[in-house]
Amino acid sequence: MKREFAVIGLGRFGGSICRELSSEGMEVLAIDTEEDKVNEFKNIASHAVIADATDEKVLKELGIRNIDHVIVAIGDNIQASILTTLMLKELGIKKITVKAQNDYHEKVLNKIGADQVVHPERDMGKRIAHSIISNNILDHLELSDEHSIVEVKAGARMSGKTLIDLDIRAQYGCNVVAIKPINKKEINVSPMATEVINKGDILIVIGADKDISRFEKQLVVDDE
Ligand code: ATP
C-alpha cells in the first residue's frame, strides 16, 4: 500500500521534499497559501491545494486525519508553524516532521510533540564545516546533542596499521563500526580488531563529539 504524505509550505525546502516523495511514487498532498506555489506543484504532487494550514476547519476538510505523515515546512512565519503543528497533533496525526527556523522554535516544537524537528540550514552548515576542516572528513552526522557518526578517509597516519595498533576505542573512546576498503565494493560491517587499514579506506566511526573531535585532529587530519 502506498504511504500518504502531506507537505505544508512549498518553499525551497517543502518543495524539494514534495518533489522527492512524488518521484519515489508516494501519494503527496501539497498545501500552500500562495496560488503560484500550488500551481507549480499541480503536476508533481497527487493533489495540490491552496489553503491556510492554521485554519483547523480547513485541515479537517482536507482529510488530513487520514494522512500518515505530515511535513510542516512553513518558513519564516514561526507562529503559523507552531499553530499548525499543535493542531496536527490534536488531530492525532501519527507522524509530524517540522522545519525549525531557530533554536527557540525547535524547543517549542519539541515541547508540543513534533515527532521530528529538522533544522536543515544549521545541520548542513555543521556538516560542511567538518568536511572543510579536513579533506579526510567526508561526512558528519549528529545523532544527539553529544554524539555523532562520522565518515572519514584513512590517511598515512592510519595506513598499514590494524585497529589493535591504532587502539581507537581505548585511546579515543570511539568505535569503528564499518570500513569501506578502498579496493573493494563490499562494506566490512563490524570489522575485526586485526583488520589492516589502508590509505584511502573509509571508516564509519561513532562516538561522543569531544572524542570524535580528538580522533579527527590526531588521526584523521590531512597528513600528506
Ligand atoms: P527556503 O525557501 O529558504 O527553504 P522555506 O522553505 O523555509 O525557505 P519559505 O520560502 O518562506 O520557507 O516557504 C514557506 C512556504 O510556506 C511559503 O510558500 C508560504 O506561502 C507557505 N506558508 C506560509 N504560511 C502558511 C500557512 N499558514 N499555510 C500554508 N502555507 C503557508
# chains A, B, ... in the order shown; residues from 1 in each chain; ligands from 1

call {"tool": "residues_around", "arguments": {"residues": "segment 146-151 of chain A", "least_positions_apart": "4", "cutoff": "7 Å", "atoms": "only C-alpha atoms", "output": "list in words"}}
result
Ile137, Leu138, Asp139, His140, Leu141, Glu142, Ile202, Leu203, Ile204, Val205, Ile206, Gly207, Ala208 and Asp209 of chain A

call {"tool": "residues_near_ligand", "arguments": {"ligand": "ligand 1", "cutoff": "8 Å", "atoms": "only C-alpha atoms and all ligand atoms", "output": "ChimeraX atom specification"}}
result
/A:8-15,31-34,37,50-55,73-77,80-81,84,99,101

call {"tool": "select_by_dssp", "arguments": {"residues": "segment 41-195 of chain A", "states": "alpha helix (DSSP H)", "output": "ChimeraX atom specification"}}
result
/A:41,56-61,78-90,103-111,120-133,163-166,168-172

call {"tool": "write_last_selection", "arguments": {"atoms": "N, CA and C atoms", "output": "compact mmCIF listing (two decimals), in the first residue's frame"}}
result
# COMPACT_ATOMS: atom_id res chain seq x y z
N PHE A 41 3.03 22.96 -8.28
CA PHE A 41 3.05 21.56 -7.84
C PHE A 41 1.86 20.73 -8.33
N GLU A 56 -8.11 25.26 11.41
CA GLU A 56 -8.39 23.87 11.77
C GLU A 56 -9.48 23.25 10.89
N LYS A 57 -10.50 24.09 10.59
CA LYS A 57 -11.62 23.61 9.77
C LYS A 57 -11.11 23.15 8.40
N VAL A 58 -10.20 23.95 7.85
CA VAL A 58 -9.64 23.64 6.54
C VAL A 58 -8.86 22.31 6.58
N LEU A 59 -8.07 22.16 7.64
CA LEU A 59 -7.28 20.92 7.77
C LEU A 59 -8.20 19.71 7.82
N LYS A 60 -9.31 19.85 8.57
CA LYS A 60 -10.26 18.73 8.69
C LYS A 60 -10.90 18.43 7.33
N GLU A 61 -11.29 19.52 6.64
CA GLU A 61 -11.94 19.34 5.33
C GLU A 61 -11.02 18.65 4.32
N ILE A 78 6.91 31.73 12.10
CA ILE A 78 7.08 30.76 13.20
C ILE A 78 5.76 30.50 13.91
N GLN A 79 4.98 31.56 14.08
CA GLN A 79 3.69 31.42 14.76
C GLN A 79 2.78 30.44 13.99
N ALA A 80 2.74 30.59 12.68
CA ALA A 80 1.90 29.70 11.86
C ALA A 80 2.42 28.27 11.93
N SER A 81 3.73 28.13 11.96
CA SER A 81 4.33 26.79 12.02
C SER A 81 3.96 26.10 13.34
N ILE A 82 4.03 26.84 14.44
CA ILE A 82 3.71 26.27 15.75
C ILE A 82 2.22 25.93 15.85
N LEU A 83 1.40 26.85 15.40
CA LEU A 83 -0.05 26.64 15.48
C LEU A 83 -0.47 25.43 14.64
N THR A 84 0.08 25.35 13.45
CA THR A 84 -0.24 24.21 12.56
C THR A 84 0.19 22.89 13.21
N THR A 85 1.38 22.88 13.78
CA THR A 85 1.89 21.65 14.41
C THR A 85 0.98 21.23 15.56
N LEU A 86 0.59 22.22 16.35
CA LEU A 86 -0.28 21.95 17.51
C LEU A 86 -1.61 21.35 17.06
N MET A 87 -2.17 21.90 16.00
CA MET A 87 -3.46 21.39 15.51
C MET A 87 -3.33 19.99 14.92
N LEU A 88 -2.22 19.77 14.22
CA LEU A 88 -2.00 18.43 13.64
C LEU A 88 -1.87 17.40 14.76
N LYS A 89 -1.22 17.82 15.81
CA LYS A 89 -1.05 16.96 16.98
C LYS A 89 -2.42 16.63 17.59
N GLU A 90 -3.23 17.67 17.74
CA GLU A 90 -4.57 17.48 18.32
C GLU A 90 -5.46 16.61 17.44
N ASP A 103 16.74 27.92 17.25
CA ASP A 103 16.77 27.02 18.40
C ASP A 103 15.53 27.16 19.30
N TYR A 104 15.00 28.38 19.43
CA TYR A 104 13.79 28.58 20.27
C TYR A 104 12.60 27.91 19.62
N HIS A 105 12.49 28.09 18.34
CA HIS A 105 11.41 27.46 17.57
C HIS A 105 11.50 25.94 17.76
N GLU A 106 12.70 25.41 17.66
CA GLU A 106 12.92 23.97 17.81
C GLU A 106 12.47 23.48 19.19
N LYS A 107 12.80 24.27 20.20
CA LYS A 107 12.43 23.92 21.58
C LYS A 107 10.91 23.81 21.73
N VAL A 108 10.23 24.82 21.20
CA VAL A 108 8.76 24.83 21.30
C VAL A 108 8.17 23.64 20.56
N LEU A 109 8.69 23.37 19.37
CA LEU A 109 8.16 22.26 18.56
C LEU A 109 8.34 20.93 19.29
N ASN A 110 9.49 20.76 19.94
CA ASN A 110 9.71 19.53 20.70
C ASN A 110 8.73 19.44 21.86
N LYS A 111 8.49 20.57 22.51
CA LYS A 111 7.59 20.62 23.67
C LYS A 111 6.15 20.25 23.29
N PRO A 120 17.51 22.27 8.70
CA PRO A 120 18.42 21.96 7.58
C PRO A 120 19.59 22.91 7.41
N GLU A 121 19.37 24.21 7.55
CA GLU A 121 20.48 25.14 7.31
C GLU A 121 21.58 24.92 8.35
N ARG A 122 21.17 24.81 9.63
CA ARG A 122 22.16 24.63 10.69
C ARG A 122 22.90 23.30 10.52
N ASP A 123 22.15 22.23 10.28
CA ASP A 123 22.77 20.91 10.18
C ASP A 123 23.69 20.80 8.97
N MET A 124 23.25 21.36 7.86
CA MET A 124 24.10 21.31 6.67
C MET A 124 25.34 22.16 6.89
N GLY A 125 25.18 23.29 7.58
CA GLY A 125 26.32 24.16 7.90
C GLY A 125 27.36 23.38 8.71
N LYS A 126 26.88 22.62 9.71
CA LYS A 126 27.80 21.85 10.55
C LYS A 126 28.52 20.79 9.73
N ARG A 127 27.76 20.10 8.86
CA ARG A 127 28.36 19.03 8.07
C ARG A 127 29.42 19.59 7.14
N ILE A 128 29.11 20.73 6.54
CA ILE A 128 30.07 21.31 5.60
C ILE A 128 31.30 21.82 6.36
N ALA A 129 31.08 22.41 7.55
CA ALA A 129 32.22 22.91 8.33
C ALA A 129 33.18 21.76 8.62
N HIS A 130 32.65 20.60 9.03
CA HIS A 130 33.52 19.46 9.32
C HIS A 130 34.26 19.00 8.07
N SER A 131 33.57 19.00 6.94
CA SER A 131 34.23 18.49 5.74
C SER A 131 35.27 19.46 5.22
N ILE A 132 35.16 20.75 5.61
CA ILE A 132 36.21 21.67 5.13
C ILE A 132 37.37 21.81 6.12
N ILE A 133 37.20 21.26 7.33
CA ILE A 133 38.33 21.25 8.27
C ILE A 133 39.42 20.36 7.68
N LEU A 163 43.37 -2.19 13.67
CA LEU A 163 42.58 -1.48 14.69
C LEU A 163 43.21 -1.68 16.06
N ILE A 164 43.88 -2.82 16.26
CA ILE A 164 44.57 -3.05 17.56
C ILE A 164 45.71 -2.05 17.68
N ASP A 165 46.50 -1.89 16.61
CA ASP A 165 47.63 -0.94 16.65
C ASP A 165 47.13 0.47 16.97
N LEU A 166 46.04 0.84 16.31
CA LEU A 166 45.55 2.23 16.47
C LEU A 166 44.85 2.41 17.81
N ILE A 168 41.82 2.61 18.76
CA ILE A 168 40.91 3.77 18.70
C ILE A 168 39.92 3.79 19.86
N ARG A 169 39.41 2.60 20.22
CA ARG A 169 38.40 2.58 21.30
C ARG A 169 39.00 3.05 22.62
N ALA A 170 40.18 2.52 22.97
CA ALA A 170 40.79 2.88 24.26
C ALA A 170 41.36 4.30 24.23
N GLN A 171 42.00 4.66 23.10
CA GLN A 171 42.67 5.97 23.04
C GLN A 171 41.71 7.14 22.84
N TYR A 172 40.64 6.88 22.07
CA TYR A 172 39.75 8.00 21.72
C TYR A 172 38.31 7.79 22.16

call {"tool": "atom_distance", "arguments": {"atom1": "atom CA of Leu21 of chain A", "atom2": "atom CA of His47 of chain A"}}
result
12.8 Å

call {"tool": "atom_distance", "arguments": {"atom1": "atom CA of Gly113 of chain A", "atom2": "atom CA of Val49 of chain A"}}
result
25.8 Å

call {"tool": "closest_residue", "arguments": {"among": "A:Glu20, A:Asn135, A:Leu219, A:Ala100", "to": "His119 of chain A", "atoms": "only C-alpha atoms"}}
result
A:Ala100

call {"tool": "residues_around", "arguments": {"residues": "Arg3 of chain A", "least_positions_apart": "2", "cutoff": "8 Å", "atoms": "only C-alpha atoms", "output": "PyMOL selection string"}}
result
chain A and resi 1+5+26-27+68

call {"tool": "closest_residue", "arguments": {"among": "A:Thr162, A:Lys42, A:Arg157, A:Gln218", "to": "Pro191 of chain A", "atoms": "only C-alpha atoms"}}
result
A:Thr162

call {"tool": "atom_distance", "arguments": {"atom1": "atom CA of Asn175 of chain A", "atom2": "atom CA of Gln116 of chain A"}}
result
26.5 Å

call {"tool": "select_by_dssp", "arguments": {"residues": "segment 3-167 of chain A", "states": "strand (DSSP E)", "output": "PyMOL selection string"}}
result
chain A and resi 4-8+27-32+47-50+69-72+95-99+116-118+137-142+147-153+161-162

call {"tool": "write_last_selection", "arguments": {"atoms": "C-alpha atoms", "output": "PDB file, in the first residue's frame"}}
result
ATOM      1  CA  GLU A   4       0.364   9.075   2.174  1.00  0.00           C
ATOM      2  CA  PHE A   5       2.146  12.325   2.968  1.00  0.00           C
ATOM      3  CA  ALA A   6       1.158  15.971   3.193  1.00  0.00           C
ATOM      4  CA  VAL A   7       3.616  18.814   2.757  1.00  0.00           C
ATOM      5  CA  ILE A   8       2.513  22.163   4.160  1.00  0.00           C
ATOM      6  CA  GLU A  27       0.934   9.965  -2.567  1.00  0.00           C
ATOM      7  CA  VAL A  28       1.532  13.602  -1.648  1.00  0.00           C
ATOM      8  CA  LEU A  29      -0.960  16.305  -0.732  1.00  0.00           C
ATOM      9  CA  ALA A  30       0.775  19.660  -1.288  1.00  0.00           C
ATOM     10  CA  ILE A  31      -0.588  22.687   0.583  1.00  0.00           C
ATOM     11  CA  ASP A  32       0.318  26.376   0.411  1.00  0.00           C
ATOM     12  CA  HIS A  47      -3.116  16.795  -5.062  1.00  0.00           C
ATOM     13  CA  ALA A  48      -2.134  20.444  -4.643  1.00  0.00           C
ATOM     14  CA  VAL A  49      -4.440  22.837  -2.809  1.00  0.00           C
ATOM     15  CA  ILE A  50      -4.475  26.486  -1.810  1.00  0.00           C
ATOM     16  CA  HIS A  69       2.959  11.671   7.853  1.00  0.00           C
ATOM     17  CA  VAL A  70       2.711  15.457   7.637  1.00  0.00           C
ATOM     18  CA  ILE A  71       5.708  17.694   6.937  1.00  0.00           C
ATOM     19  CA  VAL A  72       5.337  21.298   8.120  1.00  0.00           C
ATOM     20  CA  LYS A  95       3.980  11.424  12.423  1.00  0.00           C
ATOM     21  CA  ILE A  96       4.737  15.136  12.179  1.00  0.00           C
ATOM     22  CA  THR A  97       8.044  16.488  10.861  1.00  0.00           C
ATOM     23  CA  VAL A  98       8.627  20.219  11.212  1.00  0.00           C
ATOM     24  CA  LYS A  99      11.294  22.543   9.906  1.00  0.00           C
ATOM     25  CA  GLN A 116      10.864  15.079  14.204  1.00  0.00           C
ATOM     26  CA  VAL A 117      12.269  18.593  14.157  1.00  0.00           C
ATOM     27  CA  VAL A 118      14.713  19.391  11.390  1.00  0.00           C
ATOM     28  CA  ILE A 137      36.457  14.112   6.911  1.00  0.00           C
ATOM     29  CA  LEU A 138      33.805  13.116   4.413  1.00  0.00           C
ATOM     30  CA  ASP A 139      30.634  13.428   6.434  1.00  0.00           C
ATOM     31  CA  HIS A 140      29.417  14.228   9.917  1.00  0.00           C
ATOM     32  CA  LEU A 141      26.004  13.252  11.182  1.00  0.00           C
ATOM     33  CA  GLU A 142      24.659  14.380  14.530  1.00  0.00           C
ATOM     34  CA  HIS A 147      27.060  12.107  19.883  1.00  0.00           C
ATOM     35  CA  SER A 148      27.852  11.885  16.203  1.00  0.00           C
ATOM     36  CA  ILE A 149      28.743   9.467  13.494  1.00  0.00           C
ATOM     37  CA  VAL A 150      31.495  10.432  11.059  1.00  0.00           C
ATOM     38  CA  GLU A 151      32.748   9.109   7.773  1.00  0.00           C
ATOM     39  CA  VAL A 152      36.489   9.603   7.437  1.00  0.00           C
ATOM     40  CA  LYS A 153      39.129   8.657   4.907  1.00  0.00           C
ATOM     41  CA  LYS A 161      48.005  -0.380  10.888  1.00  0.00           C
ATOM     42  CA  THR A 162      45.382  -2.639  12.423  1.00  0.00           C
TER      43      THR A 162
END
